[in-house]
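A.B. asks: Let me begin by handing over the structure; questions about it come next.
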There are 2 protein chains.
Amino acid sequence: MTFGDRLAEAMADRGQLCVGIDPHESLLADWGLSIDAAGVREFGLRVVEAAAGRVPVVKPQVAFFERWGSAGFAALEEIMALARAAGLLVLADAKRGDIGSTMDAYAAAWLTPGAPLEADALTVSPYLGTGSLRGTIGAAMKADKGLFVLSATSNPDAGGVQGAEVTVVDAHRGQSVADWIATSLAWTNQSGAVTGTLGSVGFVVGATVDRAEVGLTDTALEKAPILAPGFGAQGASLGDVRTIFGALAPQVLASASRSVLSAGREGLSTAIDAHNRELQEALHV
Amino acid sequence: MTFGDRLAEAMADRGQLCVGIDPHESLLADWGLSIDAAGVREFGLRVVEAAAGRVPVVKPQVAFFERWGSAGFAALEEIMALARAAGLLVLADAKRGDIGSTMDAYAAAWLTPGAPLEADALTVSPYLGTGSLRGTIGAAMKADKGLFVLSATSNPDAGGVQGAEVTVVDAHRGQSVADWIATSLAWTNQSGAVTGTLGSVGFVVGATVDRAEVGLTDTALEKAPILAPGFGAQGASLGDVRTIFGALAPQVLASASRSVLSAGREGLSTAIDAHNRELQEALHV
C-alpha cells in the first residue's frame with residue numbers, strides 16, 4: 001500500500017492534525033524532565049501515548065534528538081518504533097538535502113524497511129536542485145514510503161530563496177523556485193499509478209505563506225500531501241484552514257507543535273482533542 | 001582562537017586538502033569491511049590515522065553514519081574525538097538547514113564544546129533563507145567554531161535554485177541566490193574582528209561551478225574559507241586550482257573523498273601524499 005494511500009486512510013479516520021515531537025530544552029524544563037537524552041526519550045514516549053488513536057501522524061523534529069548525539073538517536077529509534085506500533089504514521093522532520101549519492105544514504109537511513117531509524121516519510125530540502133532528489137523519490141516509491149519536499153516554508157525570511165526566479169533551467173525560466181520544485185517533483189503524484197486521493201510525494205507549504213506572492217500554483221500541488229507548518233505559535237489559525245488553502249484543504253496535514261506541547265504532559269490529550277475539534281469544524285463547514 | 005585563525009594556521013602548516021570520510025557501502029566492501037556500524041567505525045578510524053599530520057581537515061559525511069542509526073552516530077562520535085585529539089580540524093558535513101529555533105538545536109548538537117557530536121565546523125543549507133542562519137552564525141562565533149554555508153555546489157543540477165534571481169528582498173533584487181547567500185552572511189568575515197587571513201563563516205563553492213554563470217562575485221567571498229568539492233571523481237583537477245579560483249585560491253580547502261578513499265586502506269597515506277603534492281605544486285607556481 002503506498003504512503004499516499006495509507007495517509008489518506010489515516011486522515012479519513014483520524015483527521016488532519018500532525019503532532020510535532022519537539023523536545024526543546026525549554027519544554028523539557030516545563031514538563032519537569034531532565035535536560036538530556038533520557039528527558040527527550042520520556043517526552044517523546046508521552047507524546048506518542050497521547051497522539052495514538054487521536055491523530056494520523058506524528059512528526060519528530062530530528063534536531064532536538066541529534067542535540068544529544070547517539071543517545072538522542074537511540075531515544076528517537078525507540079519513540080519512532082513505539083509510534084509505528086501504535087498505528088501512527090511517523091514523519092521524520094530532518095530536512096536532509098545533499099547531492100544524489102549522499103541522498104541515497106539518507107534514504108537508506110530513514111526510508112528502508114528494517115533500518116534503525118525507519119520512518120514512514122521524511123522531509124527533504126531541495127537547495128541542491130530537483131535532480132538531487134530524483135533518486136530519493138525512486139527509493140521512497142520502491143519502499144512505499146513518503147517524502148515532503150520543502151517548497152514554500154512558513155518562516156518570515158523564506159521568500160529570498162523560495163520566491164527567487166528560475167533563470168538557468170530553460171523549461172522553467174520565470175517560475176519561482178518554490179513552484180519549480182513542486183512542478184518538477186510531482187510527476188509521481190500525477191501518474192496513472194495514483195488511484196487514490198493522495199500521491200506519496202508531498203510538499204511543505206507554510207500556512208502563513210502568500211502562495212500567489214511566491215508564485216506557487218495549485219496545479220503543482222495536485223494530489224500532493226501538503227505539510228502545513230505555521231499554525232499556532234507562528235500565527236495562522238486552524239479555524240482558517242479552508243480560507244488559507246481553499247480547494248487544497250483536504251490534502252493538508254496541519255502541523256502543530258508548540259501550541260500542543262506547551263499544554264504539558266497532563267494537558268496533552270485535551271490539547272490534541274481541542275486542536276482536532278477546531279480543525280475538523282473548519283474543514284467540514 | 002577563532003575557527004578562521006585555526007584553519008589558516010593548519011592550512012599554512014599542512015596544505016589545503018580536506019579528506020572526506022565517506023564510508024559508502026561500496027567502499028566498505030572494497031576495503032573488506034563489514035557493511036554495518038562496526039565497518040563504518042573501522043573505516044573512519046583508518047582515515048583519521050592516515051590523515052593525521054598530513055592534512056588540516058577531515059570531513060565526515062554524516063549521511064553515511066546516519067544510515068546506521070544510533071550505532072552509526074556512536075561510531076561518528078568516536079571518530080571525531082580521535083580526529084580532534086590527533087590535531088585535525090573536523091568539518092561535519094551534515095548540510096543542516098531549518099528555521100531559526102531548530103537551527104539553534106543543530107548548533108547545540110555540532111558546535112557546542114562538550115557535546116557528543118562536537119565538531120570544529122559544520123556545513124549548513126540556506127533554503128529557508130539567510131535569516132534562518134543568523135542565530136547559527138552567532139552561536140558558532142561565540143564558541144569559536146566555523147560554518148560552511150552552501151552557496152554554489154558542484155552537482156550538475158545545482159543551478160536551478162542557486163542561479164535563480166532574488167526578487168522579494170529589495171536590497172538584493174537581481175542578485176543570484178548563490179551570491180545573495182554569500183553577500184548576506186559574510187558580515188562576520190569582513191568586520192574588523194578578523195585580523196588574520198580567514199574569517200570563520202565559509203561557503204561551499206564547487207570547483208566545477210562557473211561562478212560567473214551563477215553570478216557569484218569574488219567580493220562576497222572576501223576572507224571566507226571556501227570548501228571546494230568537485231575535484232577528482234566529479235571532474236575538476238587539483239592541478240587547476242589556481243586557474244579555477246584565481247585570487248581566491250589561498251582560501252580554498254580542496255575536498256577529496258572518493259579519489260583518495262578508493263586507494264583502499266593500504267594505499268591511503270600514499271594517495272593523500274600524492275593529492276597533497278599535486279595541490280601544493282598548483283598553488284605555489
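Simple scheme: letters A, B, ... for chains in C-alpha cells order, numbers from 1 for residues in each chain, numbers from 1 for ligands in the order shown.
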Just need the residues of chain A within 6 Å of chain B, counting only C-alpha atoms, so spit them out as a list of chain:residue names.
C.D. replies: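 The selection requested is A:Ala63, A:Phe64, A:Arg67, A:Gly69, A:Ser70, A:Phe73, A:Ala74, A:Ala105, A:Tyr106, A:Ala108, A:Ala109, A:Pro116, A:Leu117, A:Tyr127, A:Leu128, A:Gly129, A:Gly131, A:Asp157, A:Ala158, A:Gly160, A:Val161, A:Ala164, A:Glu165, A:Val166, A:Thr167, A:Val168, A:Val169.
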A.B. asks: Could those selected residues go to a file with N, CA and C atoms, as a PDB file, in the first residue's frame?
C.D. replies:
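Output file selection-v7.pdb follows:
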```pdb
ATOM      1  N   ALA A  63      16.349  17.479  14.949  1.00  0.00           N
ATOM      2  CA  ALA A  63      17.389  18.315  15.564  1.00  0.00           C
ATOM      3  C   ALA A  63      17.419  18.171  17.089  1.00  0.00           C
ATOM      4  N   PHE A  64      16.223  18.044  17.697  1.00  0.00           N
ATOM      5  CA  PHE A  64      16.166  18.005  19.159  1.00  0.00           C
ATOM      6  C   PHE A  64      16.653  16.663  19.720  1.00  0.00           C
ATOM      7  N   ARG A  67      20.767  16.752  18.975  1.00  0.00           N
ATOM      8  CA  ARG A  67      21.396  17.542  20.038  1.00  0.00           C
ATOM      9  C   ARG A  67      22.137  16.675  21.052  1.00  0.00           C
ATOM     10  N   GLY A  69      23.363  13.578  20.431  1.00  0.00           N
ATOM     11  CA  GLY A  69      24.241  12.603  19.794  1.00  0.00           C
ATOM     12  C   GLY A  69      23.629  11.209  19.713  1.00  0.00           C
ATOM     13  N   SER A  70      24.468  10.179  19.808  1.00  0.00           N
ATOM     14  CA  SER A  70      23.983   8.809  19.617  1.00  0.00           C
ATOM     15  C   SER A  70      22.912   8.445  20.649  1.00  0.00           C
ATOM     16  N   PHE A  73      19.693   9.753  19.363  1.00  0.00           N
ATOM     17  CA  PHE A  73      19.185   8.931  18.254  1.00  0.00           C
ATOM     18  C   PHE A  73      18.633   7.593  18.756  1.00  0.00           C
ATOM     19  N   ALA A  74      19.235   7.041  19.799  1.00  0.00           N
ATOM     20  CA  ALA A  74      18.696   5.802  20.378  1.00  0.00           C
ATOM     21  C   ALA A  74      17.289   6.074  20.917  1.00  0.00           C
ATOM     22  N   ALA A 105      22.077   7.597   0.743  1.00  0.00           N
ATOM     23  CA  ALA A 105      22.365   7.127   2.099  1.00  0.00           C
ATOM     24  C   ALA A 105      21.307   7.638   3.082  1.00  0.00           C
ATOM     25  N   TYR A 106      20.843   8.874   2.890  1.00  0.00           N
ATOM     26  CA  TYR A 106      19.772   9.378   3.762  1.00  0.00           C
ATOM     27  C   TYR A 106      18.481   8.577   3.541  1.00  0.00           C
ATOM     28  N   ALA A 108      18.375   5.486   2.630  1.00  0.00           N
ATOM     29  CA  ALA A 108      18.608   4.195   3.285  1.00  0.00           C
ATOM     30  C   ALA A 108      18.415   4.324   4.794  1.00  0.00           C
ATOM     31  N   ALA A 109      18.817   5.478   5.339  1.00  0.00           N
ATOM     32  CA  ALA A 109      18.718   5.678   6.784  1.00  0.00           C
ATOM     33  C   ALA A 109      17.273   5.752   7.266  1.00  0.00           C
ATOM     34  N   PRO A 116      17.398   1.157  11.429  1.00  0.00           N
ATOM     35  CA  PRO A 116      17.135   1.567  12.818  1.00  0.00           C
ATOM     36  C   PRO A 116      16.250   2.808  12.906  1.00  0.00           C
ATOM     37  N   LEU A 117      16.405   3.714  11.964  1.00  0.00           N
ATOM     38  CA  LEU A 117      15.633   4.954  12.005  1.00  0.00           C
ATOM     39  C   LEU A 117      14.446   4.923  11.043  1.00  0.00           C
ATOM     40  N   TYR A 127      17.832  22.514  -1.900  1.00  0.00           N
ATOM     41  CA  TYR A 127      18.785  23.566  -2.288  1.00  0.00           C
ATOM     42  C   TYR A 127      19.749  23.088  -3.383  1.00  0.00           C
ATOM     43  N   LEU A 128      20.012  21.774  -3.433  1.00  0.00           N
ATOM     44  CA  LEU A 128      20.946  21.262  -4.451  1.00  0.00           C
ATOM     45  C   LEU A 128      20.256  20.921  -5.763  1.00  0.00           C
ATOM     46  N   GLY A 129      19.002  21.338  -5.887  1.00  0.00           N
ATOM     47  CA  GLY A 129      18.309  21.156  -7.160  1.00  0.00           C
ATOM     48  C   GLY A 129      17.398  19.943  -7.173  1.00  0.00           C
ATOM     49  N   GLY A 131      17.183  17.581  -9.348  1.00  0.00           N
ATOM     50  CA  GLY A 131      17.852  16.348  -9.750  1.00  0.00           C
ATOM     51  C   GLY A 131      18.442  15.608  -8.567  1.00  0.00           C
ATOM     52  N   ASP A 157      11.549  34.775   6.743  1.00  0.00           N
ATOM     53  CA  ASP A 157      12.639  35.101   5.834  1.00  0.00           C
ATOM     54  C   ASP A 157      12.692  34.198   4.603  1.00  0.00           C
ATOM     55  N   ALA A 158      11.674  33.362   4.417  1.00  0.00           N
ATOM     56  CA  ALA A 158      11.768  32.271   3.445  1.00  0.00           C
ATOM     57  C   ALA A 158      11.748  32.703   1.983  1.00  0.00           C
ATOM     58  N   GLY A 160      13.314  34.821   0.197  1.00  0.00           N
ATOM     59  CA  GLY A 160      14.553  35.163  -0.505  1.00  0.00           C
ATOM     60  C   GLY A 160      14.955  34.095  -1.496  1.00  0.00           C
ATOM     61  N   VAL A 161      15.060  32.868  -1.026  1.00  0.00           N
ATOM     62  CA  VAL A 161      15.416  31.765  -1.906  1.00  0.00           C
ATOM     63  C   VAL A 161      14.175  31.243  -2.637  1.00  0.00           C
ATOM     64  N   ALA A 164      12.643  33.322  -5.417  1.00  0.00           N
ATOM     65  CA  ALA A 164      13.540  33.740  -6.498  1.00  0.00           C
ATOM     66  C   ALA A 164      13.075  33.133  -7.818  1.00  0.00           C
ATOM     67  N   GLU A 165      13.485  33.786  -8.904  1.00  0.00           N
ATOM     68  CA  GLU A 165      13.010  33.383 -10.225  1.00  0.00           C
ATOM     69  C   GLU A 165      14.019  32.500 -10.930  1.00  0.00           C
ATOM     70  N   VAL A 166      13.573  31.339 -11.359  1.00  0.00           N
ATOM     71  CA  VAL A 166      14.471  30.397 -12.034  1.00  0.00           C
ATOM     72  C   VAL A 166      14.962  31.015 -13.342  1.00  0.00           C
ATOM     73  N   THR A 167      16.277  30.951 -13.576  1.00  0.00           N
ATOM     74  CA  THR A 167      16.822  31.534 -14.811  1.00  0.00           C
ATOM     75  C   THR A 167      17.566  30.505 -15.657  1.00  0.00           C
ATOM     76  N   VAL A 168      18.241  29.540 -15.013  1.00  0.00           N
ATOM     77  CA  VAL A 168      19.128  28.681 -15.808  1.00  0.00           C
ATOM     78  C   VAL A 168      18.472  27.401 -16.336  1.00  0.00           C
ATOM     79  N   VAL A 169      17.253  27.108 -15.902  1.00  0.00           N
ATOM     80  CA  VAL A 169      16.592  25.903 -16.414  1.00  0.00           C
ATOM     81  C   VAL A 169      15.567  26.337 -17.454  1.00  0.00           C
TER      82      VAL A 169
END
```
A.B. asks: When DSSP is applied to the backbone of this structure, which of stretch 40-130 of chain A are assigned strand (DSSP E or B)? Write them out as a PDB file with all heavy atoms, in the first residue's frame.
C.D. replies:
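Writing the result to result-v3.pdb gives the following:
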```pdb
ATOM      1  N   VAL A  57      -0.726  11.331  12.212  1.00  0.00           N
ATOM      2  CA  VAL A  57       0.722  11.446  12.016  1.00  0.00           C
ATOM      3  C   VAL A  57       1.392  12.143  13.199  1.00  0.00           C
ATOM      4  O   VAL A  57       0.851  13.123  13.726  1.00  0.00           O
ATOM      5  CB  VAL A  57       1.030  12.284  10.740  1.00  0.00           C
ATOM      6  CG1 VAL A  57       2.529  12.387  10.490  1.00  0.00           C
ATOM      7  CG2 VAL A  57       0.328  11.709   9.506  1.00  0.00           C
ATOM      8  N   VAL A  58       2.548  11.635  13.593  1.00  0.00           N
ATOM      9  CA  VAL A  58       3.422  12.410  14.486  1.00  0.00           C
ATOM     10  C   VAL A  58       4.696  12.760  13.730  1.00  0.00           C
ATOM     11  O   VAL A  58       5.121  12.044  12.828  1.00  0.00           O
ATOM     12  CB  VAL A  58       3.793  11.662  15.790  1.00  0.00           C
ATOM     13  CG1 VAL A  58       2.603  11.598  16.740  1.00  0.00           C
ATOM     14  CG2 VAL A  58       4.350  10.288  15.499  1.00  0.00           C
ATOM     15  N   LYS A  59       5.289  13.879  14.123  1.00  0.00           N
ATOM     16  CA  LYS A  59       6.444  14.398  13.390  1.00  0.00           C
ATOM     17  C   LYS A  59       7.571  14.762  14.360  1.00  0.00           C
ATOM     18  O   LYS A  59       7.626  15.870  14.876  1.00  0.00           O
ATOM     19  CB  LYS A  59       6.016  15.636  12.595  1.00  0.00           C
ATOM     20  CG  LYS A  59       7.118  16.290  11.780  1.00  0.00           C
ATOM     21  CD  LYS A  59       6.591  17.445  10.948  1.00  0.00           C
ATOM     22  CE  LYS A  59       6.347  18.719  11.716  1.00  0.00           C
ATOM     23  NZ  LYS A  59       7.556  19.295  12.345  1.00  0.00           N
ATOM     24  N   PRO A  60       8.463  13.800  14.622  1.00  0.00           N
ATOM     25  CA  PRO A  60       9.623  14.162  15.448  1.00  0.00           C
ATOM     26  C   PRO A  60      10.535  15.133  14.711  1.00  0.00           C
ATOM     27  O   PRO A  60      10.852  14.927  13.537  1.00  0.00           O
ATOM     28  CB  PRO A  60      10.332  12.825  15.700  1.00  0.00           C
ATOM     29  CG  PRO A  60       9.763  11.855  14.729  1.00  0.00           C
ATOM     30  CD  PRO A  60       8.449  12.371  14.255  1.00  0.00           C
ATOM     31  N   GLN A  61      10.924  16.194  15.400  1.00  0.00           N
ATOM     32  CA  GLN A  61      11.900  17.141  14.850  1.00  0.00           C
ATOM     33  C   GLN A  61      13.277  16.603  15.233  1.00  0.00           C
ATOM     34  O   GLN A  61      13.677  16.639  16.399  1.00  0.00           O
ATOM     35  CB  GLN A  61      11.646  18.531  15.427  1.00  0.00           C
ATOM     36  CG  GLN A  61      12.734  19.556  15.145  1.00  0.00           C
ATOM     37  CD  GLN A  61      13.191  19.597  13.699  1.00  0.00           C
ATOM     38  OE1 GLN A  61      14.251  19.041  13.362  1.00  0.00           O
ATOM     39  NE2 GLN A  61      12.422  20.218  12.834  1.00  0.00           N
ATOM     40  N   LEU A  89       1.445   7.124  11.752  1.00  0.00           N
ATOM     41  CA  LEU A  89       2.452   7.304  10.715  1.00  0.00           C
ATOM     42  C   LEU A  89       3.511   8.247  11.271  1.00  0.00           C
ATOM     43  O   LEU A  89       3.186   9.244  11.928  1.00  0.00           O
ATOM     44  CB  LEU A  89       1.823   7.905   9.454  1.00  0.00           C
ATOM     45  CG  LEU A  89       0.847   6.978   8.714  1.00  0.00           C
ATOM     46  CD1 LEU A  89       0.105   7.742   7.620  1.00  0.00           C
ATOM     47  CD2 LEU A  89       1.603   5.796   8.098  1.00  0.00           C
ATOM     48  N   VAL A  90       4.773   7.937  11.012  1.00  0.00           N
ATOM     49  CA  VAL A  90       5.867   8.765  11.524  1.00  0.00           C
ATOM     50  C   VAL A  90       6.519   9.530  10.385  1.00  0.00           C
ATOM     51  O   VAL A  90       7.031   8.936   9.432  1.00  0.00           O
ATOM     52  CB  VAL A  90       6.927   7.907  12.250  1.00  0.00           C
ATOM     53  CG1 VAL A  90       8.135   8.759  12.623  1.00  0.00           C
ATOM     54  CG2 VAL A  90       6.332   7.256  13.491  1.00  0.00           C
ATOM     55  N   LEU A  91       6.470  10.840  10.500  1.00  0.00           N
ATOM     56  CA  LEU A  91       7.133  11.716   9.537  1.00  0.00           C
ATOM     57  C   LEU A  91       8.375  12.278  10.220  1.00  0.00           C
ATOM     58  O   LEU A  91       8.270  13.090  11.144  1.00  0.00           O
ATOM     59  CB  LEU A  91       6.180  12.845   9.119  1.00  0.00           C
ATOM     60  CG  LEU A  91       6.778  14.031   8.366  1.00  0.00           C
ATOM     61  CD1 LEU A  91       7.571  13.591   7.152  1.00  0.00           C
ATOM     62  CD2 LEU A  91       5.679  15.003   7.944  1.00  0.00           C
ATOM     63  N   ALA A  92       9.551  11.834   9.784  1.00  0.00           N
ATOM     64  CA  ALA A  92      10.799  12.324  10.381  1.00  0.00           C
ATOM     65  C   ALA A  92      11.124  13.679   9.778  1.00  0.00           C
ATOM     66  O   ALA A  92      11.343  13.806   8.574  1.00  0.00           O
ATOM     67  CB  ALA A  92      11.931  11.331  10.116  1.00  0.00           C
ATOM     68  N   ASP A  93      11.125  14.693  10.623  1.00  0.00           N
ATOM     69  CA  ASP A  93      11.385  16.051  10.121  1.00  0.00           C
ATOM     70  C   ASP A  93      12.872  16.339  10.228  1.00  0.00           C
ATOM     71  O   ASP A  93      13.368  16.851  11.227  1.00  0.00           O
ATOM     72  CB  ASP A  93      10.565  17.066  10.916  1.00  0.00           C
ATOM     73  CG  ASP A  93      10.519  18.415  10.213  1.00  0.00           C
ATOM     74  OD1 ASP A  93      11.132  18.555   9.131  1.00  0.00           O
ATOM     75  OD2 ASP A  93       9.859  19.331  10.736  1.00  0.00           O
ATOM     76  N   ALA A  94      13.588  15.976   9.183  1.00  0.00           N
ATOM     77  CA  ALA A  94      15.048  16.061   9.194  1.00  0.00           C
ATOM     78  C   ALA A  94      15.561  17.056   8.161  1.00  0.00           C
ATOM     79  O   ALA A  94      16.680  17.513   8.237  1.00  0.00           O
ATOM     80  CB  ALA A  94      15.647  14.687   8.923  1.00  0.00           C
ATOM     81  N   LYS A  95      14.741  17.377   7.181  1.00  0.00           N
ATOM     82  CA  LYS A  95      15.093  18.335   6.119  1.00  0.00           C
ATOM     83  C   LYS A  95      16.464  18.054   5.525  1.00  0.00           C
ATOM     84  O   LYS A  95      17.260  18.955   5.308  1.00  0.00           O
ATOM     85  CB  LYS A  95      14.989  19.768   6.645  1.00  0.00           C
ATOM     86  CG  LYS A  95      13.572  20.131   7.104  1.00  0.00           C
ATOM     87  CD  LYS A  95      13.391  21.620   7.393  1.00  0.00           C
ATOM     88  CE  LYS A  95      11.973  21.973   7.779  1.00  0.00           C
ATOM     89  NZ  LYS A  95      11.503  21.443   9.085  1.00  0.00           N
ATOM     90  N   ARG A  96      16.729  16.785   5.224  1.00  0.00           N
ATOM     91  CA  ARG A  96      18.008  16.432   4.641  1.00  0.00           C
ATOM     92  C   ARG A  96      18.052  16.863   3.174  1.00  0.00           C
ATOM     93  O   ARG A  96      17.037  16.794   2.466  1.00  0.00           O
ATOM     94  CB  ARG A  96      18.247  14.921   4.738  1.00  0.00           C
ATOM     95  CG  ARG A  96      18.253  14.354   6.171  1.00  0.00           C
ATOM     96  CD  ARG A  96      19.204  15.089   7.101  1.00  0.00           C
ATOM     97  NE  ARG A  96      19.393  14.407   8.377  1.00  0.00           N
ATOM     98  CZ  ARG A  96      19.238  14.980   9.577  1.00  0.00           C
ATOM     99  NH1 ARG A  96      18.884  16.249   9.688  1.00  0.00           N
ATOM    100  NH2 ARG A  96      19.462  14.284  10.684  1.00  0.00           N
ATOM    101  N   ALA A 121       7.802   8.565   6.434  1.00  0.00           N
ATOM    102  CA  ALA A 121       8.083   9.636   5.482  1.00  0.00           C
ATOM    103  C   ALA A 121       9.161  10.541   6.063  1.00  0.00           C
ATOM    104  O   ALA A 121       9.421  10.509   7.272  1.00  0.00           O
ATOM    105  CB  ALA A 121       6.821  10.437   5.187  1.00  0.00           C
ATOM    106  N   LEU A 122       9.757  11.336   5.185  1.00  0.00           N
ATOM    107  CA  LEU A 122      10.914  12.167   5.554  1.00  0.00           C
ATOM    108  C   LEU A 122      10.770  13.538   4.888  1.00  0.00           C
ATOM    109  O   LEU A 122      10.342  13.616   3.734  1.00  0.00           O
ATOM    110  CB  LEU A 122      12.180  11.475   5.036  1.00  0.00           C
ATOM    111  CG  LEU A 122      13.536  12.156   5.216  1.00  0.00           C
ATOM    112  CD1 LEU A 122      13.943  12.146   6.698  1.00  0.00           C
ATOM    113  CD2 LEU A 122      14.618  11.449   4.380  1.00  0.00           C
ATOM    114  N   THR A 123      11.120  14.595   5.607  1.00  0.00           N
ATOM    115  CA  THR A 123      11.198  15.905   4.939  1.00  0.00           C
ATOM    116  C   THR A 123      12.584  16.061   4.313  1.00  0.00           C
ATOM    117  O   THR A 123      13.591  15.674   4.897  1.00  0.00           O
ATOM    118  CB  THR A 123      10.959  17.079   5.909  1.00  0.00           C
ATOM    119  OG1 THR A 123      11.886  17.001   6.995  1.00  0.00           O
ATOM    120  CG2 THR A 123       9.531  17.062   6.461  1.00  0.00           C
ATOM    121  N   VAL A 124      12.622  16.600   3.093  1.00  0.00           N
ATOM    122  CA  VAL A 124      13.891  16.811   2.389  1.00  0.00           C
ATOM    123  C   VAL A 124      13.953  18.231   1.816  1.00  0.00           C
ATOM    124  O   VAL A 124      12.930  18.864   1.593  1.00  0.00           O
ATOM    125  CB  VAL A 124      14.111  15.774   1.254  1.00  0.00           C
ATOM    126  CG1 VAL A 124      14.281  14.372   1.823  1.00  0.00           C
ATOM    127  CG2 VAL A 124      12.981  15.809   0.239  1.00  0.00           C
TER     128      VAL A 124
END
```
A.B. asks: Can you tell me, as a ChimeraX atom specification, what residues are no more than 10 Å from stretch 231-239 of chain B when counting only C-alpha atoms, ignoring any on the same chain fewer than 5 positions away?
C.D. replies: /B:17,154-156,206-209,244,254-260,275-283
A.B. asks: Quick one: pick out all alpha helix (DSSP H) residues within stretch 51-241 of chain A from a backbone DSSP run and write them as a VMD selection string.
C.D. replies: chain A and resid 51 63 to 66 69 to 85 100 to 111 131 to 142 159 to 162 177 to 185 187 to 190 241
A.B. asks: Can you work out the spacing between atom CA of B:Ala85 and atom CA of B:Gly4 in Å, to one decimal?
C.D. replies: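 These atoms are spaced 18.9 Å apart.
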A.B. asks: Provide the atom CA of B:Leu88 to atom CA of B:Leu253 distance in Å, to one decimal place.
C.D. replies: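 Separation of atom CA of B:Leu88 and atom CA of B:Leu253: 13.6 Å.
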A.B. asks: Quick one: pull the distance between atom CA of A:Arg84 and atom CA of B:Gly39, Å, one decimal.
C.D. replies: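 Spanning atom CA of A:Arg84 to atom CA of B:Gly39 is a straight-line distance of 28.8 Å.
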